[in-house]
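Trainee: Can you keep this structure in mind? I'll have questions shortly.
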Amino acid sequence: MSSHREAPEISQDPVADSTDTYAFVSPDNPSTVTLITNYVPLQDPAGGPNFFEFGDDVSYRINVDNNGDGVADVVYEFRFTTTLRDPDTFLYNTGVVTDLDDTTWNRPQFYSLTRTTSAGTVTLDSRLSCPPCNVGPRSMPDYPDLSGQAIHHVDHRRVRVFAGQRLDGFYVDLGSVFDLADLRPFQNLHLLHTAAAAGVDGLKSYNVHTIAIQVPISELTVDGSVPTDPTKANAVIGVWASASRQKALVRNAGGVNTATGPWVQVSRLGNPLVNEALIPIAKKDLWNSAGPAGDSAFNQYVIHPELAGLLPVLYPGVFPKLAAYGAPRADLQAILHTGIPNGIIGGFQNYTGPTQADMLRLNVAIPPSSSPSIMGILGGDLAGFPNGRRVFDDVFTIELRAIAGATIPLVDPSFTPDGAVSVVTDGVTPPGNVRYRSRFPYLDTPKSGYSVMPAA
Amino acid sequence: MPELSRRGFLGTAGITAAGVALVAVPGVAAVAPELSGVFDDAAAPTTAELASVGPLVVHVRDAAAGELSVLSGETEVVIHDPGFVARIVSAAGGHVR
């Protein structure tokens, strides 16, 4: 998965487990950037009566670096508070909920939002409402309207924000890729082969908890400008999400715990699939606890990806050129750790300097595409991954092809990728536009517990 | 180092002595200032001040080095006090691992 349960420690702490981070120039409001990060992976929509929520004891942050040092220059922090309206019922909702203020929603959650820069911390709002989880049509007969009430305008309506349940926008064939990197459309070529088959979207019925914020571009750039020249350094920002818990937790009798001490980072996420598929298991927890500025310590796993060695073994004869390529993967280092410099891809760069740091690098001077490709830059669409990341980008296939050698020619023109590289995929694509929204918060209405049928 | 944590610690520990030094600790100094030496009785908080102290956790992270950390609010203070650590270990029945 992108970063769902990607490391041993955080897999035991779903409330703080970031699953995906997105950063893109808003297609319907191109003077703004939308930043999204998701938590609480793999939510079975019917998982009540204590439905999913953010952690009141977690500090959720969206971090923006605008000077290339891998250190946050702008931080949006979200802190949640859950209340209980009727302590004498076991019910999540005691009747129909049509309004966020309805007393029939028994366990509402609120949050504060702050923005921190070198000038200090500003509280943008101290009590914003989350929507409830999508229980079902009897409980929430118009969930799109109900959750829409949780889209708030703050900071003199310059900022839009939403925090609550959404349908997971990430798509991948979970069942096959974890089964010895099987890709169903190509499993006839796998070392342990079976007949080729169509891909299966393992996430299409799972929800997540989304934090989304849409801010003016000028709030994020190093000089407060709205860049129009994509070749300039001030047009690029680096984005990652992080979650932190307080250092000590004392479990008291009665179920009321005590958390105290400084905040310790337990999860982070910039580029998709990096901690998931590049960092070895013994280093994943360390990676989650660190900041991007120290990612040179992990660069060896980027320039010598384990998966690039496995593909020729698992698919005998399919990737001979990849198997023979022994040089460090400067292409992957550029894509994931430094950004792509000017002169590599016509009209595009997202280089942030020599500091190796895992961040989504977004060139905000690249306007949204009128005909986006889910393959992003590999598909000729400069507004897509790895120029930031949009909710619908097929990051699994893009990174799979990159690791398989598709991007080596960017740094080594003498290399010709294997023929399979341009077609290799897990066979999962989003079903049209039904999975996303064209407007903020872009991720779709979550599945309701009533509507989802258990898999066979 | 926030005064609340230190005073809370002193009150909780019931330590009396004189002279407190703030010591930089490479690698942790940014989040965990370090106190060493002995403590001034005059710094002990009043009963009213103690009543306002929130939950506080003392973590003996290196008994052999006489080192403990005090976690309070959103802060951490590292303290070197071999004598006090020895008393904590003794109070724990000597079974600290």
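Scheme for the structure tokens: letters A, B, ... for chains in order shown; per-chain residue numbers from 1; ligand numbers from 1 in order shown.
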Hey, which bits of chain A sit within 8 Å of chain B, and for each residue what's the closest pair of atoms and how far apart in Å (one decimal), counting only C-alpha atoms, rows by chain and increasing number, as JSON lines?
Mentor:
{"residue": "A:Gln246", "atom": "CA", "partner": "B:Glu74", "partner_atom": "CA", "distance": 7.3}
{"residue": "A:Lys247", "atom": "CA", "partner": "B:Leu71", "partner_atom": "CA", "distance": 7.9}
{"residue": "A:Ala248", "atom": "CA", "partner": "B:Leu71", "partner_atom": "CA", "distance": 7.3}
{"residue": "A:Thr258", "atom": "CA", "partner": "B:Pro55", "partner_atom": "CA", "distance": 7.2}
{"residue": "A:Thr260", "atom": "CA", "partner": "B:Gly73", "partner_atom": "CA", "distance": 5.3}
{"residue": "A:Gly261", "atom": "CA", "partner": "B:Glu74", "partner_atom": "CA", "distance": 4.4}
{"residue": "A:Pro262", "atom": "CA", "partner": "B:Glu74", "partner_atom": "CA", "distance": 4.2}
{"residue": "A:Trp263", "atom": "CA", "partner": "B:Glu74", "partner_atom": "CA", "distance": 6.7}
Trainee: Among the residues of region 207-335 of chain A, find those DSSP assigns to alpha helix (DSSP H) from the backbone and print them as a tab-separated table (two decimals) with N, CA and C atoms, in the first residue's frame.
Mentor:
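Saved the output as result11.tsv:
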chain	number	residue	atom	x	y	z
A	274	VAL	N	7.60	4.96	-0.29
A	274	VAL	CA	9.02	4.97	0.05
A	274	VAL	C	9.29	4.12	1.28
A	275	ASN	N	8.64	4.48	2.40
A	275	ASN	CA	8.87	3.66	3.59
A	275	ASN	C	8.29	2.26	3.39
A	276	GLU	N	7.24	2.18	2.62
A	276	GLU	CA	6.60	0.89	2.37
A	276	GLU	C	7.50	-0.08	1.60
A	277	ALA	N	8.09	0.40	0.52
A	277	ALA	CA	8.71	-0.53	-0.43
A	277	ALA	C	10.20	-0.33	-0.64
A	284	LYS	N	12.32	0.87	9.22
A	284	LYS	CA	11.07	1.59	8.95
A	284	LYS	C	10.61	2.45	10.13
A	285	ASP	N	10.71	1.91	11.33
A	285	ASP	CA	10.28	2.69	12.50
A	285	ASP	C	11.18	3.90	12.69
A	286	LEU	N	12.46	3.71	12.46
A	286	LEU	CA	13.41	4.83	12.54
A	286	LEU	C	13.05	5.90	11.51
A	287	TRP	N	12.76	5.46	10.31
A	287	TRP	CA	12.38	6.41	9.24
A	287	TRP	C	11.16	7.21	9.66
A	288	ASN	N	10.18	6.54	10.24
A	288	ASN	CA	8.96	7.24	10.66
A	288	ASN	C	9.22	8.27	11.75
A	289	SER	N	10.24	8.04	12.55
A	289	SER	CA	10.51	8.94	13.67
A	289	SER	C	11.39	10.12	13.28
A	299	ASN	N	19.51	7.11	1.89
A	299	ASN	CA	19.66	7.24	0.43
A	299	ASN	C	20.09	5.94	-0.23
A	300	GLN	N	20.84	5.13	0.49
A	300	GLN	CA	21.31	3.87	-0.11
A	300	GLN	C	20.14	2.98	-0.53
A	301	TYR	N	19.01	3.09	0.20
A	301	TYR	CA	17.86	2.26	-0.13
A	301	TYR	C	17.08	2.83	-1.32
A	302	VAL	N	17.31	4.08	-1.61
A	302	VAL	CA	16.68	4.71	-2.77
A	302	VAL	C	17.49	4.43	-4.03
A	303	ILE	N	18.80	4.53	-3.94
A	303	ILE	CA	19.63	4.36	-5.14
A	303	ILE	C	19.95	2.90	-5.44
A	306	GLU	N	15.67	-2.53	-3.40
A	306	GLU	CA	15.58	-3.99	-3.34
A	306	GLU	C	14.67	-4.54	-4.44
A	307	LEU	N	13.58	-3.83	-4.71
A	307	LEU	CA	12.62	-4.32	-5.69
A	307	LEU	C	13.22	-4.40	-7.10
A	308	ALA	N	14.16	-3.50	-7.40
A	308	ALA	CA	14.78	-3.56	-8.74
A	308	ALA	C	15.58	-4.84	-8.91
A	309	GLY	N	16.08	-5.39	-7.82
A	309	GLY	CA	16.77	-6.67	-7.90
A	309	GLY	C	15.83	-7.85	-7.93
A	310	LEU	N	14.67	-7.67	-7.33
A	310	LEU	CA	13.71	-8.78	-7.26
A	310	LEU	C	12.96	-8.99	-8.57
A	311	LEU	N	12.65	-7.90	-9.26
A	311	LEU	CA	11.83	-8.02	-10.47
A	311	LEU	C	12.42	-9.00	-11.49
A	312	PRO	N	13.72	-8.91	-11.81
A	312	PRO	CA	14.27	-9.87	-12.78
A	312	PRO	C	14.25	-11.32	-12.28
A	313	VAL	N	14.26	-11.48	-10.96
A	313	VAL	CA	14.23	-12.84	-10.40
A	313	VAL	C	12.82	-13.40	-10.45
A	314	LEU	N	11.85	-12.55	-10.07
A	314	LEU	CA	10.46	-13.01	-10.00
A	314	LEU	C	9.81	-13.11	-11.38
A	320	PRO	N	15.74	-8.15	-18.45
A	320	PRO	CA	17.19	-8.41	-18.57
A	320	PRO	C	18.03	-7.14	-18.51
A	321	LYS	N	17.53	-6.05	-19.08
A	321	LYS	CA	18.31	-4.80	-19.05
A	321	LYS	C	18.36	-4.21	-17.64
A	322	LEU	N	17.27	-4.32	-16.94
A	322	LEU	CA	17.26	-3.88	-15.55
A	322	LEU	C	18.24	-4.72	-14.73
A	323	ALA	N	18.22	-6.02	-14.98
A	323	ALA	CA	19.12	-6.91	-14.24
A	323	ALA	C	20.58	-6.57	-14.48
A	324	ALA	N	20.89	-6.10	-15.67
A	324	ALA	CA	22.28	-5.80	-16.02
A	324	ALA	C	22.72	-4.41	-15.59
A	330	ALA	N	20.42	7.17	-9.85
A	330	ALA	CA	20.35	8.63	-9.73
A	330	ALA	C	18.97	9.15	-10.12
A	331	ASP	N	18.27	8.42	-10.97
A	331	ASP	CA	16.92	8.84	-11.36
A	331	ASP	C	15.98	8.80	-10.16
A	332	LEU	N	16.06	7.74	-9.38
A	332	LEU	CA	15.19	7.63	-8.21
A	332	LEU	C	15.59	8.63	-7.12
A	333	GLN	N	16.87	8.86	-7.01
A	333	GLN	CA	17.32	9.86	-6.04
A	333	GLN	C	16.75	11.23	-6.39
Trainee: For the atom pair CA of Ala253 (chain A) and CA of Val53 (chain B), what is the interatomic distance in Å to one decimal place?
Mentor: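 Computing it gives 20.5 Å between the two atoms.
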Trainee: Considering only C-alpha atoms, can you say which of A:Asp173, A:Asp57, A:Asp168, A:Asp99 comes closest to Tyr436 (chain A)?
Mentor: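 Looking only at the distances to Tyr436 (chain A), the closest residue turns out to be A:Asp168.
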